[in-house]
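To start, the structure itself, in structure tokens.
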Amino acid sequence: MAFGGYKFKGYKVIRANLATNTYANWCLLVHQARIKAFMESCALSGAQWHFSKTNGALSFEDYGNVIYRVANANGDYHDYLSFFKYGDEELYYMIATLGEYYMNNSSGTPVIDPSIKGYQVQGGSASGALYKYIGYSSALSLEPFDDDAPFGSYPTSALPCTSQMATGIVNYLTNGVKEGTSHYMISSYTTIYVGYATKGKDIITVTNSNKGCVESGDGFSSLCDPSDVYKLLKVNLGFSTSETTVQLPSATEALDGWNNECLNSNGLRVNINISTDTSKYNHLALIPSALPMIESGGQYVPYGSAYLSSISNEGNLVRLNDNKMLVKGIIKNELLSVNCFDDATKSQQPSLGSTVMGGNLLTMLCVQKLPGNLAPNQGRITHGYSIPGTGYQGSSNYAIFYMYPVAYVGWDPSNPNINDESSWPELALQ
């Protein structure tokens with residue numbers, strides 16, 4: 001496949017413009033914008049995603065009853081789901097707009113299925129578990145989803161239902177997530193930009209501050225383990241500790257929060273049965289190749305691939321395969337490309353939302369911040385040298401070379417300039 005062909009469609013939604021400004025209507029409006037932008041992007045690109053479930057509670061446009069919902073304990077609906085399939089293949093996708101959810105029954109209803117909490121451990125103690133954001137979320141699967149996923153039974157060959165916005169981890173969620181909860185996209189934002197660019201099995205999300213993620217049912221150009229055939233992928237771009245942090249190069253210290261998703265070589269998501277030790281959970285890192293490193297003064301700008309690695313917190317390596325390989329594979333560079341600027345040239349990084357490669361790649365992430373002394377349990381430190389994407393050097397006894405990466409996602413020259421407000425027409429509740 002050649003570069004280009006990722007066709008974009010976007011909308012914006014504004015809560016203050018709702019005729020009846022309830023939280024339930026706000027959650028529904030965000031969900032409607034998401035499925036509308038996604039399907040219209042597919043129509044532009046020819047991607048074969050289509051609704052796989054049409055017996056939901058709510059109809060939408062001419063698609064049928066494609067919106068499913070889950071009630072809280074009071075019978076209010078703040079959680080909306082839609083389900084898709086790719087052509088005739090056993091490849092499934094779920095868009096989940098979750099304005100309210102809890103981690104256990106003692107906190108509230110509805111409760112997220114425990115197998116997809118995707119938590120990792122802070123400081124090596126299971127009692128200090130933190131959870132991934134799952135508000136503005138989605139998931140790919142090789143098996144169909146139940147109507148109430150992620151609150152009901154969840155397929156084992158599905159990626160966790162995680163946010164398309166955030167790469168960080170949540171606090172302890174003592175009170176759960178509901179209207180007014182800070183740091184969560186649905187409950188915090190009053191204007192949301194909803195955009196998708198699609199091509200084949202690839203899905204690119206673009207949201208507020210040009211943050212987003214890449215997802216794909218065929219996301220790797222090659223896999224490291226010869227026995228591995230599972231190419232489902234999700235990578236969030238724009239390191240943050242919430243769904244609502246503004247993405248700025250000056251505040252971005254890494255390519256991601258190292259909370260990406262894939263299946264292992266047995267076709268199971270990597271937070272299932274990875275160890276009998278409950279302190280070990282998935283913590284996957286996006287690592288750029290060293291090939292596209294740029295020093296000042298060159299005539300050409302190189303672009304390279306990135307790797308998904310099982311480097312984990314406190315040395316607890318997630319089992320991706322039975323052959324002890326620490327890298328899942330190389331991500332397709334038409335879907336996600338990277339290059340790394342040195343300290344002298346980081347000011348030459350392209351601006352967020354701008355295009356390169358003749359309009360066939362979109363700039364989604366620029367790293368310019370030099371991290372401080374990150375704790376080893378944050379998973380980003382290997383003592384004695386700098387891990388690409390962090391700029392951190394573990395000891396003053398070693399020479400320091402800082403790299404400041406840029407991440408680009410697939411795009412098309414025919415797409416509108418997403419930095420123009422006119423590229424995001426407002427959508428009203430239908």
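Letters for chains follow the order of the structure tokens (A, B, ...), residue numbers begin at 1 for each chain, and ligand numbers begin at 1 in the order shown.
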Please provide the set of residues having any atom within 9 Å of Phe51 of chain A, restricted to only C-alpha atoms, with same-chain residues fewer than 3 positions apart removed, written as number ranges by chain. A: 39, 54, 63, 66, 82-86
Two-atom distance - atom CA of Val301 of chain A, atom CA of Ser337 of chain A (Å): 12.2 Å
Long-range neighbours of segment 243-256 of chain A as a PyMOL selection string, 9 Å cut-off, only C-alpha atoms, 5 positions minimum in chain: chain A and resi 133+135-136+163-168+182-186+188-189+208-211+235-238+285-288+351-352+365-371+388-391+404-407
What would the file look like if the residues just selected were written as a short mmCIF file (atom, residue, chain, number, x, y, z; two decimals), in the first residue's frame with N, CA and C atoms?
```
data_model
loop_
_atom_site.label_atom_id
_atom_site.label_comp_id
_atom_site.auth_asym_id
_atom_site.auth_seq_id
_atom_site.Cartn_x
_atom_site.Cartn_y
_atom_site.Cartn_z
N TYR A 133 -7.75 5.25 31.25
CA TYR A 133 -8.96 5.99 30.91
C TYR A 133 -9.78 5.20 29.90
N GLY A 135 -13.13 6.58 28.80
CA GLY A 135 -14.31 7.41 28.53
C GLY A 135 -14.58 7.57 27.05
N TYR A 136 -13.68 8.23 26.35
CA TYR A 136 -13.78 8.44 24.91
C TYR A 136 -13.04 7.28 24.26
N SER A 163 -9.18 4.66 26.14
CA SER A 163 -9.43 5.98 25.56
C SER A 163 -8.68 6.19 24.25
N GLN A 164 -9.28 6.96 23.36
CA GLN A 164 -8.60 7.40 22.15
C GLN A 164 -7.86 8.71 22.38
N MET A 165 -7.92 9.23 23.58
CA MET A 165 -7.33 10.53 23.90
C MET A 165 -6.11 10.44 24.78
N ALA A 166 -6.18 9.61 25.83
CA ALA A 166 -5.20 9.70 26.90
C ALA A 166 -4.20 8.57 26.84
N THR A 167 -2.99 8.86 27.24
CA THR A 167 -1.97 7.82 27.36
C THR A 167 -1.57 7.59 28.80
N GLY A 168 -2.02 8.41 29.68
CA GLY A 168 -1.65 8.27 31.08
C GLY A 168 -2.56 7.29 31.81
N SER A 182 -13.42 15.45 37.01
CA SER A 182 -12.39 16.16 36.26
C SER A 182 -11.45 15.20 35.55
N HIS A 183 -10.79 15.71 34.52
CA HIS A 183 -9.77 14.99 33.75
C HIS A 183 -10.33 13.96 32.79
N TYR A 184 -11.65 13.87 32.67
CA TYR A 184 -12.26 12.93 31.75
C TYR A 184 -12.95 13.71 30.63
N MET A 185 -12.74 13.28 29.40
CA MET A 185 -13.15 14.07 28.25
C MET A 185 -14.65 14.36 28.23
N ILE A 186 -15.48 13.34 28.40
CA ILE A 186 -16.92 13.54 28.29
C ILE A 186 -17.43 14.41 29.43
N SER A 188 -15.74 16.54 31.33
CA SER A 188 -15.04 17.81 31.54
C SER A 188 -15.23 18.79 30.39
N TYR A 189 -15.11 18.32 29.17
CA TYR A 189 -15.17 19.23 28.02
C TYR A 189 -16.60 19.65 27.72
N ASN A 208 -9.65 17.00 20.25
CA ASN A 208 -9.21 18.31 20.74
C ASN A 208 -7.69 18.41 20.81
N SER A 209 -7.19 19.57 20.45
CA SER A 209 -5.75 19.85 20.46
C SER A 209 -4.99 18.97 19.48
N ASN A 210 -5.71 18.41 18.47
CA ASN A 210 -5.11 17.51 17.49
C ASN A 210 -4.50 16.27 18.13
N LYS A 211 -4.97 15.91 19.30
CA LYS A 211 -4.57 14.64 19.90
C LYS A 211 -5.34 13.52 19.26
N VAL A 235 -2.37 2.57 19.40
CA VAL A 235 -1.31 3.43 19.93
C VAL A 235 -1.89 4.82 20.15
N ASN A 236 -1.86 5.29 21.39
CA ASN A 236 -2.25 6.66 21.70
C ASN A 236 -1.05 7.58 21.59
N LEU A 237 -1.28 8.76 21.05
CA LEU A 237 -0.20 9.73 20.84
C LEU A 237 -0.47 11.00 21.63
N GLY A 238 0.56 11.50 22.27
CA GLY A 238 0.42 12.73 23.05
C GLY A 238 0.42 12.41 24.52
N ALA A 285 5.46 -0.01 25.21
CA ALA A 285 6.14 1.22 24.85
C ALA A 285 6.21 1.39 23.33
N LEU A 286 6.01 2.61 22.88
CA LEU A 286 6.23 2.98 21.48
C LEU A 286 7.64 3.55 21.37
N ILE A 287 8.49 2.88 20.60
CA ILE A 287 9.90 3.25 20.51
C ILE A 287 10.26 3.54 19.06
N PRO A 288 10.78 4.72 18.76
CA PRO A 288 11.16 5.04 17.38
C PRO A 288 12.48 4.40 17.00
N SER A 351 4.65 22.04 12.89
CA SER A 351 3.61 22.37 13.87
C SER A 351 2.54 21.28 13.90
N LEU A 352 1.89 21.14 15.05
CA LEU A 352 0.82 20.16 15.19
C LEU A 352 -0.30 20.45 14.21
N LEU A 365 2.11 14.66 16.93
CA LEU A 365 2.82 14.77 18.20
C LEU A 365 4.21 15.34 17.99
N CYS A 366 4.57 16.32 18.81
CA CYS A 366 5.94 16.86 18.83
C CYS A 366 6.42 16.87 20.28
N VAL A 367 7.57 16.27 20.52
CA VAL A 367 8.16 16.25 21.86
C VAL A 367 9.27 17.28 21.93
N GLN A 368 9.18 18.20 22.90
CA GLN A 368 10.24 19.18 23.09
C GLN A 368 10.65 19.32 24.55
N LYS A 369 9.90 18.74 25.45
CA LYS A 369 10.22 18.87 26.87
C LYS A 369 11.23 17.81 27.28
N LEU A 370 12.20 18.22 28.05
CA LEU A 370 13.17 17.29 28.62
C LEU A 370 12.64 16.79 29.96
N PRO A 371 12.40 15.50 30.10
CA PRO A 371 11.84 15.00 31.36
C PRO A 371 12.80 15.18 32.52
N PRO A 388 14.86 6.06 23.57
CA PRO A 388 14.31 6.97 22.56
C PRO A 388 12.91 7.42 22.92
N GLY A 389 12.69 8.73 22.78
CA GLY A 389 11.37 9.26 23.05
C GLY A 389 11.24 9.91 24.40
N THR A 390 12.22 9.73 25.30
CA THR A 390 12.10 10.33 26.62
C THR A 390 13.12 11.43 26.86
N GLY A 391 14.29 11.34 26.25
CA GLY A 391 15.32 12.32 26.50
C GLY A 391 15.96 12.18 27.86
N TYR A 404 14.30 14.35 20.46
CA TYR A 404 12.97 14.93 20.58
C TYR A 404 12.13 14.44 19.39
N PRO A 405 11.34 13.39 19.59
CA PRO A 405 10.66 12.76 18.46
C PRO A 405 9.41 13.52 18.00
N VAL A 406 9.04 13.28 16.76
CA VAL A 406 7.79 13.73 16.17
C VAL A 406 7.08 12.51 15.61
N ALA A 407 5.78 12.43 15.83
CA ALA A 407 4.99 11.31 15.30
C ALA A 407 4.01 11.84 14.26
#
```
Taking only segment 128-157 of chain A into account, list the residues labelled strand (DSSP E) by DSSP (computed from the backbone), as an MDAnalysis selection string. chainID A and resid 129:130 136:141
Dump C-alpha atoms for the selected residues as a PDB file, in the first residue's frame?
```
ATOM      1  CA  ALA A 129      -3.574  -0.263  41.212  1.00  0.00           C
ATOM      2  CA  LEU A 130      -4.261   2.527  38.756  1.00  0.00           C
ATOM      3  CA  TYR A 136     -13.776   8.439  24.909  1.00  0.00           C
ATOM      4  CA  SER A 137     -12.927   4.879  24.068  1.00  0.00           C
ATOM      5  CA  SER A 138     -12.850   2.116  21.468  1.00  0.00           C
ATOM      6  CA  ALA A 139     -11.645  -1.438  20.934  1.00  0.00           C
ATOM      7  CA  LEU A 140     -10.762  -3.854  18.137  1.00  0.00           C
ATOM      8  CA  SER A 141     -11.504  -7.571  18.361  1.00  0.00           C
TER       9      SER A 141
END
```
Find the distance between atom CA of Asn415 of chain A and atom CA of Ile95 of chain A and write it in Å to one decimal.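 A separation of 22.9 Å between them.
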Identify, on the basis of only C-alpha atoms, every residue whose closest approach to Leu159 of chain A does not exceed 12 Å; exclude the query and any residue fewer than 5 positions from it along the same chain; express the result as an NGL selection string. :A and (91-94 or 115-118 or 137-143 or 145 or 150 or 154 or 215-217 or 230-235 or 259-264 or 267-272 or 282)
